[in-house]
file input03.txt (compact mmCIF, C-alpha atoms)
# COMPACT_ATOMS: atom_id res chain seq x y z
CA MET A 36 21.95 -10.27 -16.75
CA ASP A 37 22.56 -13.09 -14.28
CA PHE A 38 21.20 -12.97 -10.71
CA ASN A 39 24.74 -13.54 -9.42
CA GLU A 40 25.82 -10.21 -10.90
CA LEU A 41 23.62 -8.31 -8.44
CA ASP A 42 24.72 -7.37 -4.95
CA PHE A 43 22.29 -9.07 -2.58
CA LYS A 44 22.54 -11.68 0.17
CA GLN A 45 24.06 -15.04 -0.64
CA GLU A 46 21.26 -16.98 1.05
CA ILE A 47 18.81 -15.48 -1.48
CA LYS A 48 21.10 -16.34 -4.39
CA LYS A 49 21.32 -19.91 -3.07
CA ALA A 50 17.54 -20.26 -3.00
CA LEU A 51 17.15 -18.78 -6.49
CA LYS A 52 19.83 -21.12 -7.84
CA GLU A 53 18.01 -24.11 -6.36
CA LEU A 54 14.85 -22.91 -8.10
CA GLY A 55 16.72 -22.80 -11.42
CA PHE A 56 16.70 -19.00 -11.60
CA THR A 57 19.77 -17.87 -13.55
CA GLU A 58 19.13 -15.25 -16.22
CA MET A 59 16.82 -12.45 -15.09
CA PHE A 60 13.66 -11.53 -16.96
CA PRO A 61 13.57 -7.90 -18.21
CA ILE A 62 11.30 -6.70 -15.38
CA GLN A 63 13.70 -8.17 -12.81
CA GLU A 64 16.78 -6.70 -14.45
CA ASN A 65 15.20 -3.25 -14.49
CA ALA A 66 13.42 -3.28 -11.12
CA ILE A 67 15.67 -5.10 -8.67
CA PRO A 68 18.67 -2.67 -8.71
CA PRO A 69 16.67 0.50 -7.90
CA MET A 70 14.63 -1.37 -5.29
CA LEU A 71 17.80 -2.65 -3.63
CA GLU A 72 18.90 1.00 -3.49
CA GLY A 73 15.69 1.97 -1.69
CA ARG A 74 14.05 3.77 -4.62
CA ASN A 75 10.29 3.91 -5.15
CA VAL A 76 9.39 1.89 -8.24
CA ILE A 77 6.36 1.96 -10.55
CA GLY A 78 6.31 -1.15 -12.70
CA GLN A 79 4.05 -2.02 -15.59
CA ALA A 80 4.04 -5.78 -15.91
CA LYS A 81 1.60 -8.64 -16.01
CA THR A 82 1.60 -11.77 -13.89
CA GLY A 83 3.98 -14.37 -15.26
CA THR A 84 6.85 -12.05 -16.17
CA GLY A 85 8.77 -12.65 -12.96
CA LYS A 86 7.62 -9.57 -11.08
CA THR A 87 7.14 -11.45 -7.78
CA ALA A 88 10.88 -12.06 -7.68
CA ALA A 89 11.43 -8.47 -8.85
CA PHE A 90 9.92 -7.13 -5.63
CA GLY A 91 10.41 -10.24 -3.46
CA VAL A 92 14.21 -10.30 -3.65
CA PRO A 93 14.61 -6.67 -2.47
CA LEU A 94 12.06 -7.27 0.31
CA ILE A 95 14.00 -10.23 1.68
CA ASN A 96 17.36 -8.55 1.21
CA ASN A 97 16.58 -5.14 2.75
CA LEU A 98 14.46 -6.09 5.77
CA ASP A 99 15.70 -7.05 9.23
CA PRO A 100 14.22 -10.35 10.48
CA ASP A 101 15.65 -9.71 13.97
CA SER A 102 13.77 -6.45 14.52
CA GLY A 103 10.73 -8.20 16.00
CA HIS A 104 8.42 -6.05 13.84
CA VAL A 105 6.55 -6.34 10.56
CA GLU A 106 8.76 -4.36 8.18
CA GLY A 107 7.34 -5.41 4.80
CA LEU A 108 3.77 -5.19 3.51
CA VAL A 109 2.46 -6.63 0.24
CA ILE A 110 -1.09 -5.67 -0.79
CA ALA A 111 -2.86 -7.87 -3.36
CA PRO A 112 -6.43 -7.82 -4.76
CA THR A 113 -7.39 -11.46 -4.19
CA ARG A 114 -6.85 -14.25 -1.70
CA GLU A 115 -5.41 -16.49 -4.39
CA LEU A 116 -2.79 -13.95 -5.41
CA ALA A 117 -1.92 -13.15 -1.78
CA LEU A 118 -1.32 -16.84 -1.08
CA GLN A 119 0.77 -17.26 -4.23
CA ILE A 120 2.94 -14.24 -3.45
CA ASN A 121 3.35 -15.39 0.14
CA ASP A 122 4.46 -18.85 -0.96
CA ASP A 123 6.91 -17.41 -3.49
CA ILE A 124 8.49 -15.02 -0.98
CA ASN A 125 8.93 -17.79 1.57
CA THR A 126 10.51 -19.97 -1.11
CA TYR A 127 13.02 -17.24 -2.04
CA ALA A 128 13.68 -16.68 1.69
CA LYS A 129 14.01 -20.32 2.72
CA HIS A 130 17.71 -19.96 3.63
CA SER A 131 17.06 -16.63 5.36
CA LYS A 132 15.45 -15.74 8.70
CA VAL A 133 12.96 -13.55 6.84
CA TRP A 134 9.46 -15.04 6.57
CA ALA A 135 6.04 -13.94 5.39
CA THR A 136 2.50 -14.72 6.47
CA PRO A 137 -0.76 -14.12 4.54
CA VAL A 138 -3.92 -12.41 5.81
CA TYR A 139 -7.13 -12.45 3.78
CA GLY A 140 -10.87 -12.61 4.20
CA GLY A 141 -13.26 -15.51 3.83
CA VAL A 142 -11.59 -17.60 6.54
CA ARG A 143 -11.50 -17.56 10.35
CA ILE A 144 -9.28 -14.81 11.71
CA ASP A 145 -7.98 -16.73 14.75
CA GLY A 146 -5.21 -18.52 12.87
CA GLN A 147 -4.02 -15.20 11.45
CA PHE A 148 -3.85 -13.75 14.98
CA ARG A 149 -1.53 -16.58 15.99
CA GLN A 150 0.74 -16.10 12.98
CA LEU A 151 0.97 -12.34 13.48
CA ARG A 152 1.95 -12.84 17.13
CA LYS A 153 5.02 -14.78 15.90
CA ASN A 154 6.47 -11.53 14.45
CA PRO A 155 6.69 -12.22 10.72
CA THR A 156 9.01 -9.96 8.72
CA ILE A 157 6.48 -9.55 5.89
CA VAL A 158 2.69 -9.60 5.77
CA VAL A 159 0.94 -10.31 2.46
CA GLY A 160 -2.75 -9.45 2.46
CA THR A 161 -5.90 -8.23 0.81
CA PRO A 162 -6.96 -4.65 1.65
CA GLY A 163 -10.11 -5.41 3.66
CA ARG A 164 -8.52 -7.99 5.95
CA LEU A 165 -5.40 -5.83 6.43
CA ILE A 166 -7.58 -2.97 7.67
CA ASP A 167 -9.49 -5.40 9.90
CA HIS A 168 -6.26 -6.42 11.60
CA MET A 169 -5.11 -2.80 11.85
CA LYS A 170 -8.32 -1.77 13.63
CA ARG A 171 -8.15 -4.77 15.95
CA GLY A 172 -4.60 -3.86 16.87
CA THR A 173 -3.19 -7.17 15.63
CA LEU A 174 -1.20 -5.56 12.80
CA GLU A 175 1.06 -2.61 13.55
CA LEU A 176 2.44 -0.61 10.62
CA ARG A 177 4.65 1.88 12.51
CA HIS A 178 7.81 -0.04 11.58
CA ILE A 179 7.02 -0.65 7.91
CA LYS A 180 10.05 -0.05 5.67
CA MET A 181 8.81 -1.45 2.34
CA ILE A 182 5.35 -1.65 0.75
CA VAL A 183 4.39 -3.47 -2.44
CA MET A 184 1.05 -2.95 -4.21
CA ASP A 185 0.54 -5.75 -6.72
CA GLU A 186 -2.06 -5.63 -9.50
CA ALA A 187 -3.00 -2.10 -8.45
CA ASP A 188 -5.35 -1.55 -11.36
CA ARG A 189 -7.34 -4.63 -10.40
CA MET A 190 -7.56 -3.47 -6.79
CA PHE A 191 -8.96 -0.14 -7.97
CA ASP A 192 -11.46 -1.92 -10.26
CA MET A 193 -12.63 -3.88 -7.21
CA GLY A 194 -13.23 -0.66 -5.25
CA PHE A 195 -10.17 -0.79 -3.00
CA TYR A 196 -8.76 2.68 -3.77
CA GLU A 197 -9.95 4.21 -0.48
CA ASP A 198 -8.74 1.15 1.47
CA ILE A 199 -5.26 1.41 -0.01
CA ASP A 200 -5.20 5.14 0.70
CA TYR A 201 -6.22 4.38 4.32
CA ILE A 202 -3.43 1.80 4.72
CA LEU A 203 -0.67 3.88 3.15
CA ASN A 204 -1.60 6.94 5.24
CA ARG A 205 -0.85 4.91 8.36
CA THR A 206 2.67 3.89 7.40
CA PRO A 207 5.90 5.86 7.98
CA LYS A 208 6.63 8.62 5.46
CA THR A 209 10.11 7.16 5.01
CA ARG A 210 8.92 3.79 3.69
CA GLN A 211 9.82 2.60 0.23
CA VAL A 212 6.88 1.87 -2.09
CA SER A 213 6.60 -0.15 -5.28
CA LEU A 214 3.42 -0.28 -7.35
CA TRP A 215 2.80 -2.95 -9.99
CA SER A 216 0.05 -2.80 -12.56
CA ALA A 217 -0.65 -4.22 -16.00
CA THR A 218 -2.38 -0.99 -17.05
CA PHE A 219 -2.24 2.59 -15.81
CA ASP A 220 -5.08 5.07 -15.46
CA ASP A 221 -5.81 8.28 -13.53
CA ARG A 222 -6.33 6.42 -10.23
CA THR A 223 -2.94 4.72 -10.48
CA ARG A 224 -1.21 7.99 -11.34
CA LYS A 225 -3.01 9.83 -8.52
CA LEU A 226 -1.95 7.26 -5.92
CA SER A 227 1.64 7.13 -7.13
CA ALA A 228 1.89 10.93 -7.13
CA LYS A 229 0.66 11.06 -3.53
CA PHE A 230 2.70 8.24 -2.00
CA MET A 231 5.65 7.65 -4.34
CA PRO A 232 7.77 10.78 -4.83
CA ASN A 233 10.83 10.56 -7.07
CA SER A 234 9.87 7.10 -8.26
CA VAL A 235 11.55 5.10 -11.01
CA THR A 236 9.11 4.07 -13.75
CA ILE A 237 9.67 0.72 -15.44
CA ASN A 238 7.31 0.49 -18.36
CA MET A 239 7.39 -2.98 -19.84
CA SER A 240 5.03 -2.34 -22.73
CA ARG A 241 2.44 -4.97 -23.53
CA ASP A 242 4.41 -6.01 -26.59
CA GLU A 243 7.44 -6.68 -24.40
CA ILE A 244 5.77 -8.60 -21.62
CA GLY A 245 4.37 -11.60 -23.37
CA LEU A 246 1.75 -10.88 -26.00
CA THR A 247 4.28 -11.47 -28.77
CA THR A 248 4.38 -15.12 -27.69
CA ILE A 249 0.59 -15.53 -27.94
CA LYS A 250 -1.13 -16.46 -31.18
CA GLN A 251 -4.39 -14.53 -31.11
CA TYR A 252 -7.45 -15.57 -33.10
CA TYR A 253 -11.11 -14.59 -33.21
CA MET A 254 -14.16 -16.31 -34.63
CA VAL A 255 -17.39 -14.58 -35.64
CA LEU A 256 -20.40 -16.73 -34.81
CA THR A 257 -23.88 -16.61 -33.32
CA ALA A 258 -24.77 -17.49 -29.75
CA TYR A 259 -26.33 -20.84 -30.62
CA GLU A 260 -23.17 -21.90 -32.52
CA ARG A 261 -20.79 -21.37 -29.61
CA GLU A 262 -21.14 -24.64 -27.73
CA GLU A 263 -20.74 -26.87 -30.78
CA THR A 264 -17.91 -24.68 -32.10
CA LEU A 265 -16.09 -25.00 -28.79
CA LEU A 266 -16.35 -28.80 -28.91
CA LYS A 267 -14.96 -28.81 -32.44
CA LEU A 268 -12.10 -26.47 -31.44
CA LEU A 269 -11.13 -28.76 -28.58
CA ASP A 270 -10.92 -31.60 -31.10
CA HIS A 271 -9.20 -29.59 -33.85
CA PHE A 272 -6.43 -28.18 -31.64
CA ILE A 273 -6.31 -31.32 -29.44
CA ILE A 274 -6.71 -29.06 -26.40
CA ASP A 275 -6.00 -30.99 -23.24
CA ARG A 276 -5.29 -28.01 -20.98
CA GLY A 277 -6.88 -24.58 -21.09
CA ILE A 278 -9.00 -21.92 -19.42
CA ILE A 279 -12.35 -20.83 -20.86
CA PHE A 280 -13.59 -17.38 -19.79
CA CYS A 281 -17.26 -16.40 -19.65
CA ARG A 282 -18.94 -13.15 -18.62
CA THR A 283 -21.47 -14.59 -16.18
CA LYS A 284 -21.60 -17.25 -13.46
CA PHE A 285 -24.67 -18.69 -15.16
CA THR A 286 -22.78 -19.25 -18.42
CA VAL A 287 -19.86 -20.79 -16.53
CA ASP A 288 -22.14 -23.29 -14.77
CA ARG A 289 -24.08 -24.13 -17.92
CA LEU A 290 -20.96 -24.63 -20.04
CA SER A 291 -19.28 -26.69 -17.35
CA SER A 292 -22.29 -29.02 -17.24
CA ALA A 293 -22.34 -29.29 -21.04
CA LEU A 294 -18.65 -30.24 -21.20
CA GLN A 295 -19.05 -32.80 -18.45
CA ARG A 296 -22.00 -34.33 -20.33
CA ALA A 297 -19.69 -34.56 -23.34
CA ARG A 298 -17.25 -36.47 -21.08
CA ILE A 299 -14.69 -33.69 -21.23
CA PRO A 300 -12.94 -33.22 -17.84
CA ALA A 301 -13.87 -29.66 -16.86
CA GLU A 302 -14.56 -27.71 -13.68
CA ALA A 303 -16.12 -24.32 -13.01
CA ILE A 304 -14.82 -21.51 -10.81
CA HIS A 305 -16.53 -18.20 -9.96
CA GLY A 306 -17.29 -15.81 -7.15
CA ASN A 307 -20.21 -17.80 -5.68
CA PHE A 308 -17.87 -20.60 -4.65
CA THR A 309 -16.53 -20.77 -1.12
CA GLN A 310 -12.83 -20.09 -0.67
CA ALA A 311 -12.27 -23.79 0.06
CA ARG A 312 -14.05 -24.84 -3.14
CA ARG A 313 -12.20 -22.27 -5.26
CA GLN A 314 -8.88 -23.45 -3.86
CA GLN A 315 -9.86 -27.07 -4.53
CA VAL A 316 -10.59 -26.27 -8.19
CA LEU A 317 -7.36 -24.29 -8.59
CA ASP A 318 -5.30 -27.04 -6.99
CA GLY A 319 -6.99 -29.65 -9.17
CA PHE A 320 -6.26 -27.68 -12.33
CA ARG A 321 -2.65 -27.09 -11.32
CA ASN A 322 -2.25 -30.80 -10.62
CA GLY A 323 -3.79 -31.80 -13.95
CA ASP A 324 -6.82 -33.53 -12.40
CA PHE A 325 -8.98 -32.12 -15.20
CA GLU A 326 -8.34 -30.50 -18.58
CA LEU A 327 -10.40 -27.34 -18.68
CA MET A 328 -11.23 -24.66 -16.14
CA ILE A 329 -14.26 -22.50 -16.94
CA ALA A 330 -14.01 -19.17 -15.15
CA THR A 331 -15.65 -15.78 -14.78
CA GLU A 332 -13.58 -12.62 -15.15
CA VAL A 333 -13.09 -12.43 -11.39
CA ALA A 334 -10.68 -15.33 -11.83
CA ALA A 335 -8.81 -13.67 -14.70
CA ARG A 336 -6.47 -11.90 -12.28
CA GLY A 337 -4.17 -13.28 -9.67
CA LEU A 338 -4.08 -16.86 -10.95
CA ASP A 339 -0.48 -17.98 -11.07
CA ILE A 340 -0.83 -21.21 -13.03
CA GLU A 341 1.94 -22.61 -15.17
CA ASP A 342 1.62 -24.21 -18.60
CA VAL A 343 -1.80 -23.10 -19.80
CA PRO A 344 -1.35 -23.34 -23.57
CA PHE A 345 -4.91 -22.33 -24.55
CA ILE A 346 -7.25 -19.52 -23.53
CA ILE A 347 -10.73 -19.41 -25.03
CA ASN A 348 -12.90 -16.34 -24.56
CA TYR A 349 -16.35 -17.90 -24.79
CA ASP A 350 -17.66 -14.36 -24.31
CA ILE A 351 -15.77 -11.31 -25.51
CA PRO A 352 -14.98 -9.26 -22.38
CA ASP A 353 -17.05 -6.16 -21.58
CA ASP A 354 -13.91 -4.18 -20.79
CA PRO A 355 -11.23 -4.35 -23.53
CA HIS A 356 -8.52 -4.17 -20.83
CA MET A 357 -9.87 -7.42 -19.40
CA TYR A 358 -8.97 -9.17 -22.65
CA PHE A 359 -5.34 -8.50 -21.87
CA HIS A 360 -5.72 -9.84 -18.34
CA ARG A 361 -7.51 -12.94 -19.56
CA ILE A 362 -5.05 -13.98 -22.24
CA GLY A 363 -2.18 -13.17 -19.87
CA ARG A 364 -2.92 -16.54 -18.25
CA THR A 365 -1.12 -18.17 -21.20
CA ALA A 366 2.38 -17.71 -22.64
CA ARG A 367 3.78 -17.37 -19.15
CA ALA A 368 7.46 -16.59 -18.71
CA GLY A 369 8.13 -16.55 -22.44
CA LYS A 370 6.29 -19.76 -23.38
CA GLN A 371 4.04 -20.00 -26.43
CA GLY A 372 0.27 -19.81 -26.10
CA THR A 373 -2.92 -19.55 -28.15
CA ALA A 374 -5.93 -17.33 -27.43
CA ILE A 375 -9.24 -17.70 -29.29
CA THR A 376 -12.10 -15.24 -28.83
CA PHE A 377 -15.72 -15.82 -29.86
CA VAL A 378 -17.31 -12.66 -31.28
CA PHE A 379 -20.97 -12.10 -32.13
CA PRO A 380 -21.71 -10.27 -35.42
CA ASP A 381 -22.84 -7.15 -33.51
CA GLN A 382 -19.66 -7.03 -31.37
CA GLU A 383 -17.22 -5.77 -33.98
CA MET A 384 -16.78 -2.48 -32.11
CA GLU A 385 -15.65 -4.36 -28.99
CA LEU A 386 -13.25 -6.33 -31.17
CA GLU A 387 -11.76 -3.16 -32.65
CA ARG A 388 -11.17 -1.71 -29.16
CA ILE A 389 -9.33 -4.89 -28.19
CA LYS A 390 -7.19 -4.74 -31.32
CA ALA A 391 -6.23 -1.17 -30.46
CA ILE A 392 -5.18 -2.13 -26.93
CA THR A 393 -3.17 -5.24 -27.77
CA LYS A 394 -1.31 -3.63 -30.70
CA MET A 395 -0.86 -7.19 -31.95
CA PRO A 396 -2.63 -8.92 -34.84
CA LEU A 397 -5.81 -10.83 -34.11
CA GLU A 398 -6.35 -13.22 -37.00
CA LYS A 399 -9.78 -14.33 -38.08
CA PHE A 400 -10.02 -18.09 -37.73
CA SER A 401 -12.28 -20.64 -39.38
CA LEU A 402 -12.42 -24.37 -38.82
CA PRO A 403 -11.35 -26.56 -41.74
CA PRO A 404 -14.17 -28.01 -43.90
CA ASP A 405 -14.07 -31.34 -42.07
CA PHE A 406 -15.01 -29.55 -38.85
CA LEU A 407 -17.78 -27.35 -40.23
CA PHE A 408 -21.40 -27.73 -39.17
call {"tool": "encode", "arguments": {"input": "input03.txt", "output": "structure tokens"}}
result
Amino acid sequence: MDFNELDFKQEIKKALKELGFTEMFPIQENAIPPMLEGRNVIGQAKTGTGKTAAFGVPLINNLDPDSGHVEGLVIAPTRELALQINDDINTYAKHSKVWATPVYGGVRIDGQFRQLRKNPTIVVGTPGRLIDHMKRGTLELRHIKMIVMDEADRMFDMGFYEDIDYILNRTPKTRQVSLWSATFDDRTRKLSAKFMPNSVTINMSRDEIGLTTIKQYYMVLTAYEREETLLKLLDHFIIDRGIIFCRTKFTVDRLSSALQRARIPAEAIHGNFTQARRQQVLDGFRNGDFELMIATEVAARGLDIEDVPFIINYDIPDDPHMYFHRIGRTARAGKQGTAITFVFPDQEMELERIKAITKMPLEKFSLPPDFLF
């Protein structure tokens, strides 16, 4: 279906056309119509499938920028994702009077006070900082008409369930709610049952939302073989752009140093970095200033980065669901991607759990003889 076939404001269609948006992705085609009608929507979709436009277009279309109140609220798990969503919404709304502002922790709050006093139509924020503004009286939710919870499962994993419950309990009962999550568990179902009566469920199964475009491999090797194997893989596949995921900050730092010693342009990113440093690394990777970004799992969610053809799991993830979130950084918006996971001989059980979740073949991979040790 084409965006022009839907009944929403022309200024939004103009912005989407300028962005090159014509045919809708499946999540957009299924979610936008009921959201335009004011229905509550539960959507299963990963980042990169076009879900920001799926909830952003109805937000811009259905809210009144002349009301003088915040009418739309988007809740996201991380600062990076909040900023990305905010930028996307403002891009879709550039020909409209609707505008969004982000609020998140880790930075001075003064600038956010000033922005909120300008009466934005939409606020995009992380749970903790949203509550901070609510308690200070700088964010009023009495006039909220639409709420979006993005990456809900990740927010719950980060311990934000009670915060989200607190926020939603202080919004009008008549507001429209949409919840977006890559996976669903009891917490997600409990929240949706409490705050989203008569909701429309849009279940884009994992097979439908991108994993079919990812070639998935695994390699069985010992810990001391990993570093040399990685260097050989980079050469074999001629990898000049990719993300490498590790379990610990220590491993990230050590691997980053090893790659730099090998004169391979690489930078690390993890939770110990300041917000400014994290943003600097993300911007540098987006701009192509270096080839490889080595990240902990905290960075596996909320990174909206285009054209990452390779994902390497230097460590197999502790949680099999995290595998899905990690490799979801590649094959964005229908593009092809390759994911390679290093597995220790005693980690076959973890590998089997991942195979069960992805429902897609993971092929065992070996380097050609010329690349062997």
call {"tool": "residues_around", "arguments": {"input": "input03.txt", "residues": "region 311-320 of chain A", "least_positions_apart": "2", "cutoff": "10 Å", "atoms": "all atoms listed in the file", "output": "list in words"}}
result
Arg114, Glu115, Gly141, Val142, Arg276, Gly277, Ile278, Ala301, Glu302, Ala303, Ile304, His305, Gly306, Asn307, Phe308, Thr309, Asn322, Gly323, Asp324, Phe325, Glu326, Leu327, Met328, Ala334, Leu338, Asp339, Ile340 and Val343 of chain A
call {"tool": "closest_residue", "arguments": {"input": "input03.txt", "among": "A:Gly172, A:Pro232, A:Pro162, A:Pro61", "to": "Glu197 (chain A)", "atoms": "all atoms listed in the file"}}
result
A:Pro162
call {"tool": "atom_distance", "arguments": {"input": "input03.txt", "atom1": "CA of Pro344 (chain A)", "atom2": "CA of Gln371 (chain A)"}}
result
7.0 Å
call {"tool": "residues_near_point", "arguments": {"input": "input03.txt", "point": "(-10.5, -28.0, -35.4)", "cutoff": "7 Å", "atoms": "all atoms listed in the file", "output": "list in words"}}
result
Lys267, Leu268, Leu269, Asp270, His271, Phe272, Leu402, Pro403 and Phe406 of chain A
call {"tool": "closest_residue", "arguments": {"input": "input03.txt", "among": "A:Arg224, A:His104, A:Lys129, A:Lys49", "to": "Tyr196 (chain A)", "atoms": "all atoms listed in the file"}}
result
A:Arg224
call {"tool": "atom_distance", "arguments": {"input": "input03.txt", "atom1": "CA of Thr331 (chain A)", "atom2": "CA of Tyr139 (chain A)"}}
result
20.7 Å
call {"tool": "atom_distance", "arguments": {"input": "input03.txt", "atom1": "CA of Thr126 (chain A)", "atom2": "CA of Gly91 (chain A)"}}
result
10.0 Å
